[in-house]
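This is entry_15.cif. It holds mmCIF, C-alpha atoms.
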data_start
loop_
_atom_site.label_atom_id
_atom_site.label_comp_id
_atom_site.auth_asym_id
_atom_site.auth_seq_id
_atom_site.Cartn_x
_atom_site.Cartn_y
_atom_site.Cartn_z
CA MET A 1 -11.73 3.40 -15.83
CA ALA A 2 -10.98 3.40 -12.12
CA LYS A 3 -9.90 6.64 -10.52
CA LEU A 4 -8.00 7.38 -7.33
CA ILE A 5 -10.04 9.67 -5.09
CA THR A 6 -7.97 12.48 -3.60
CA LYS A 7 -8.55 15.02 -0.87
CA LYS A 8 -6.56 18.25 -0.70
CA TYR A 9 -5.08 19.38 2.60
CA GLN A 10 -2.93 22.25 3.75
CA ASN A 11 0.20 21.68 5.83
CA ASN A 12 -0.43 23.47 9.13
CA ASN A 13 2.88 22.57 10.76
CA SER A 14 4.55 25.96 11.22
CA LYS A 15 7.92 24.27 11.81
CA SER A 16 7.85 22.62 8.38
CA ILE A 17 9.39 24.14 5.26
CA ALA A 18 6.16 23.07 3.56
CA PHE A 19 4.02 25.18 5.94
CA GLU A 20 0.79 26.40 4.31
CA LYS A 21 1.43 24.50 1.07
CA TRP A 22 -1.29 22.28 -0.34
CA TYR A 23 -1.00 18.54 -0.93
CA ALA A 24 -3.22 15.59 -1.76
CA ARG A 25 -4.00 12.38 0.07
CA ILE A 26 -5.70 9.32 -1.36
CA VAL A 27 -9.16 8.71 0.09
CA HIS A 28 -9.56 4.96 0.53
CA THR A 29 -13.19 4.00 0.13
CA GLU A 30 -12.90 0.68 1.97
CA THR A 31 -10.55 -1.99 3.23
CA LEU A 32 -11.35 -5.39 1.82
CA THR A 33 -11.32 -8.38 4.12
CA THR A 34 -9.53 -11.54 3.08
CA GLU A 35 -12.90 -13.08 2.29
CA GLN A 36 -13.85 -10.16 0.02
CA PHE A 37 -10.47 -10.38 -1.70
CA VAL A 38 -10.98 -14.11 -2.22
CA ASP A 39 -14.42 -13.47 -3.73
CA HIS A 40 -12.90 -10.86 -6.03
CA ILE A 41 -10.28 -13.37 -7.23
CA ARG A 42 -12.94 -16.04 -7.73
CA LYS A 43 -15.09 -13.67 -9.80
CA HIS A 44 -12.17 -13.11 -12.17
CA GLY A 45 -12.67 -16.59 -13.56
CA SER A 46 -10.61 -18.62 -11.11
CA PRO A 47 -11.28 -22.35 -11.43
CA PHE A 48 -10.74 -22.71 -7.67
CA ASP A 49 -13.41 -22.45 -4.99
CA ARG A 50 -13.32 -19.99 -2.07
CA ALA A 51 -11.84 -22.52 0.35
CA THR A 52 -8.93 -23.34 -1.94
CA ILE A 53 -8.13 -19.69 -2.67
CA SER A 54 -8.37 -18.83 1.06
CA GLY A 55 -6.13 -21.75 1.96
CA VAL A 56 -3.49 -20.78 -0.57
CA LEU A 57 -3.49 -17.14 0.63
CA MET A 58 -3.29 -18.14 4.31
CA THR A 59 -0.46 -20.57 3.65
CA ALA A 60 1.34 -17.98 1.52
CA CYS A 61 1.15 -15.46 4.40
CA ASP A 62 2.41 -18.01 6.93
CA CYS A 63 5.29 -19.07 4.67
CA LEU A 64 6.19 -15.49 3.78
CA VAL A 65 6.65 -14.58 7.45
CA GLU A 66 8.60 -17.78 8.11
CA LEU A 67 10.96 -17.18 5.19
CA VAL A 68 11.66 -13.47 5.73
CA LEU A 69 12.41 -14.21 9.40
CA ASP A 70 14.95 -16.74 8.11
CA SER A 71 16.85 -13.94 6.29
CA LYS A 72 15.32 -14.75 2.91
CA LYS A 73 13.73 -12.41 0.42
CA VAL A 74 10.53 -13.65 -1.20
CA ARG A 75 9.79 -12.56 -4.76
CA LEU A 76 6.17 -13.07 -5.76
CA GLY A 77 6.34 -13.20 -9.53
CA ASP A 78 5.51 -9.92 -11.19
CA LEU A 79 4.21 -8.37 -7.96
CA GLY A 80 7.51 -7.71 -6.19
CA THR A 81 9.79 -8.76 -3.35
CA PHE A 82 9.19 -8.90 0.41
CA TYR A 83 12.06 -8.69 2.89
CA ILE A 84 12.90 -7.64 6.46
CA SER A 85 14.91 -4.56 7.37
CA PRO A 86 15.98 -3.61 10.89
CA GLU A 87 15.68 -0.30 12.70
CA THR A 88 18.63 -0.05 15.05
CA THR A 89 20.39 2.29 17.42
CA GLY A 90 24.09 2.86 16.98
CA SER A 91 26.88 1.52 19.12
CA GLU A 92 30.26 3.05 19.90
CA SER A 93 32.00 -0.21 18.93
CA GLU A 94 31.35 -3.38 16.96
CA GLU A 95 31.63 -5.43 20.14
CA GLY A 96 29.14 -3.15 21.88
CA PHE A 97 26.48 -3.74 19.23
CA THR A 98 24.05 -6.42 20.48
CA ASP A 99 20.56 -7.67 19.72
CA ASP A 100 19.30 -4.96 22.11
CA ASN A 101 20.34 -2.37 19.52
CA VAL A 102 17.67 -3.74 17.17
CA LYS A 103 14.57 -1.75 18.11
CA ARG A 104 12.16 -2.80 15.37
CA LEU A 105 11.92 -5.04 12.34
CA HIS A 106 10.01 -3.80 9.30
CA LEU A 107 8.48 -5.99 6.63
CA ARG A 108 9.33 -4.20 3.40
CA PHE A 109 8.00 -4.56 -0.11
CA TRP A 110 9.94 -3.67 -3.26
CA PRO A 111 7.61 -3.52 -6.27
CA ASN A 112 8.54 -5.23 -9.50
CA GLN A 113 10.61 -2.98 -11.74
CA LYS A 114 10.19 -4.95 -14.99
CA SER A 115 8.26 -3.19 -17.67
CA SER A 116 6.01 -6.23 -18.21
CA TYR A 117 4.06 -5.49 -15.01
CA ALA A 118 5.87 -2.59 -13.43
CA LEU A 119 4.63 -1.40 -10.07
CA ASP A 120 7.28 1.25 -9.63
CA SER A 121 6.25 4.78 -8.73
CA LYS A 122 6.66 6.27 -12.22
CA THR A 123 4.68 3.53 -13.95
CA LEU A 124 1.88 3.64 -11.38
CA ARG A 125 1.67 7.42 -11.79
CA LYS A 126 1.37 7.08 -15.58
CA SER A 127 -1.48 4.58 -15.10
CA ALA A 128 -3.36 6.56 -12.47
CA SER A 129 -6.11 9.07 -12.94
CA PHE A 130 -7.49 11.20 -10.13
CA VAL A 131 -10.74 12.76 -9.02
CA ASP A 132 -11.00 15.26 -6.18
CA ILE A 133 -13.43 14.14 -3.47
CA ASN A 134 -15.04 17.59 -3.54
CA ASN A 135 -15.98 17.05 -7.19
CA LEU A 136 -17.63 13.74 -6.25
CA THR A 137 -19.55 15.40 -3.43
CA GLN A 138 -20.72 18.24 -5.69
CA ALA A 139 -21.76 15.80 -8.41
CA LYS A 140 -23.84 13.79 -5.91
CA LYS A 141 -25.50 16.95 -4.60
CA THR A 142 -26.37 17.96 -8.18
CA GLU A 143 -27.78 14.48 -8.96
CA THR A 144 -29.85 14.51 -5.77
CA SER A 145 -31.30 17.97 -6.41
CA GLU A 146 -32.12 17.08 -10.03
CA THR A 147 -34.07 13.96 -9.05
CA GLU A 148 -36.15 15.73 -6.38
#
Using structure tokens, write down the structure that the file contains.
Amino acid sequence: MAKLITKKYQNNNSKSIAFEKWYARIVHTETLTTEQFVDHIRKHGSPFDRATISGVLMTACDCLVELVLDSKKVRLGDLGTFYISPETTGSESEEGFTDDNVKRLHLRFWPNQKSSYALDSKTLRKSASFVDINNLTQAKKTETSETE
């Protein structure tokens, strides 16, 4: 079973109400390239070759951007929905609000909430198991010293 690797850290921001409390971060072991992701899909029994899978993913990305910039939400099956949300500054009046008040646009993702393939926070948490990176490091040191 896969495990999420975590690393503990202490909040050192003295201005925070969470000052000196301990938290965990996920340690990501790598970032897969599109090509590696395509190979992973292909190895899961896909009848399509690398070029076809790559082409579909590239076209999907292009179309996703095109559609969300046309004020559409895009729901990708059981994965979830992509959409755009603006970050704006306020205006004293409706007439005074212009395009210049829009500072940034964010591509957002809302995970599927259906129980068939739920990617919501609670369901992901129930499915996850964790291992502290320090335990992995200690286990490797033990294995190394035992084989020497």
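Between Ser71 of chain A and the residues A:Ala128, A:Ser91, A:Ser14, A:Leu105, the shortest atom-to-atom distance, using all atoms listed in the file, involves A:Leu105.
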*Do you have the atom CA of Phe130 of chain A-atom CA of Thr31 of chain A distance handy?*
19.0 Å
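Atom CA of His106 of chain A lies 17.4 Å from atom CA of Gly90 of chain A.
If you look at atom CA of His40 of chain A and atom CA of Ile53 of chain A, they are 10.6 Å away from each other.
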_Result set of the PyMOL selection byres ((chain A and resi 88) around 12) on the coordinates above, as a VMD selection string_ = chain A and resid 85 to 87 89 to 91 97 to 106
*Long-range neighbours of Ser129 of chain A as a list in words, 12 Å cut-off, all atoms listed in the file, 4 positions minimum in chain*: Met1, Ala2, Lys3, Leu4, Ile5, Thr6, Ile26, Leu124 and Arg125 of chain A
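Using all atoms listed in the file, the smallest distance between any of A:Leu69, A:Leu107, A:Ala18, A:Met58 and Phe82 of chain A comes from A:Leu107.
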_Set the distance at 7 Å and use only C-alpha atoms: which residues neighbour segment 74-79 of chain A once local chain neighbours fewer than 4 positions away are removed? I'd like the list as a VMD selection string._
chain A and resid 64 83 111 to 112 117
Write the residues of the selection above to a file with C-alpha atoms, as a short mmCIF file (atom, residue, chain, number, x, y, z; two decimals), in the frame of the given file.
data_model
loop_
_atom_site.label_atom_id
_atom_site.label_comp_id
_atom_site.auth_asym_id
_atom_site.auth_seq_id
_atom_site.Cartn_x
_atom_site.Cartn_y
_atom_site.Cartn_z
CA LEU A 64 6.19 -15.49 3.78
CA TYR A 83 12.06 -8.69 2.89
CA PRO A 111 7.61 -3.52 -6.27
CA ASN A 112 8.54 -5.23 -9.50
CA TYR A 117 4.06 -5.49 -15.01
#
*Got a sec: who's within 12 Å of Lys8 of chain A, counting only C-alpha atoms, leaving out chain neighbours fewer than 2 positions off, as a PyMOL selection string?*
chain A and resi 5-6+10-11+21-27+130-135
*Skipping near chain neighbours, those fewer than 3 positions away, what residues fall within 8 Å of Val38 of chain A using all atoms listed in the file, listed as a ChimeraX atom specification?*
/A:34-35,41-42,50,53-54
_Let me make sure I understand: among A:Thr33, A:Thr123, A:Thr81, A:Thr52, which one has the smallest atom-to-atom distance to Arg108 of chain A if we use all atoms listed in the file?_
A:Thr81
*Residue with smallest distance to His28 of chain A - pool A:Val56, A:Lys126, A:Asn13, A:Lys7, counting only C-alpha atoms*: A:Lys7
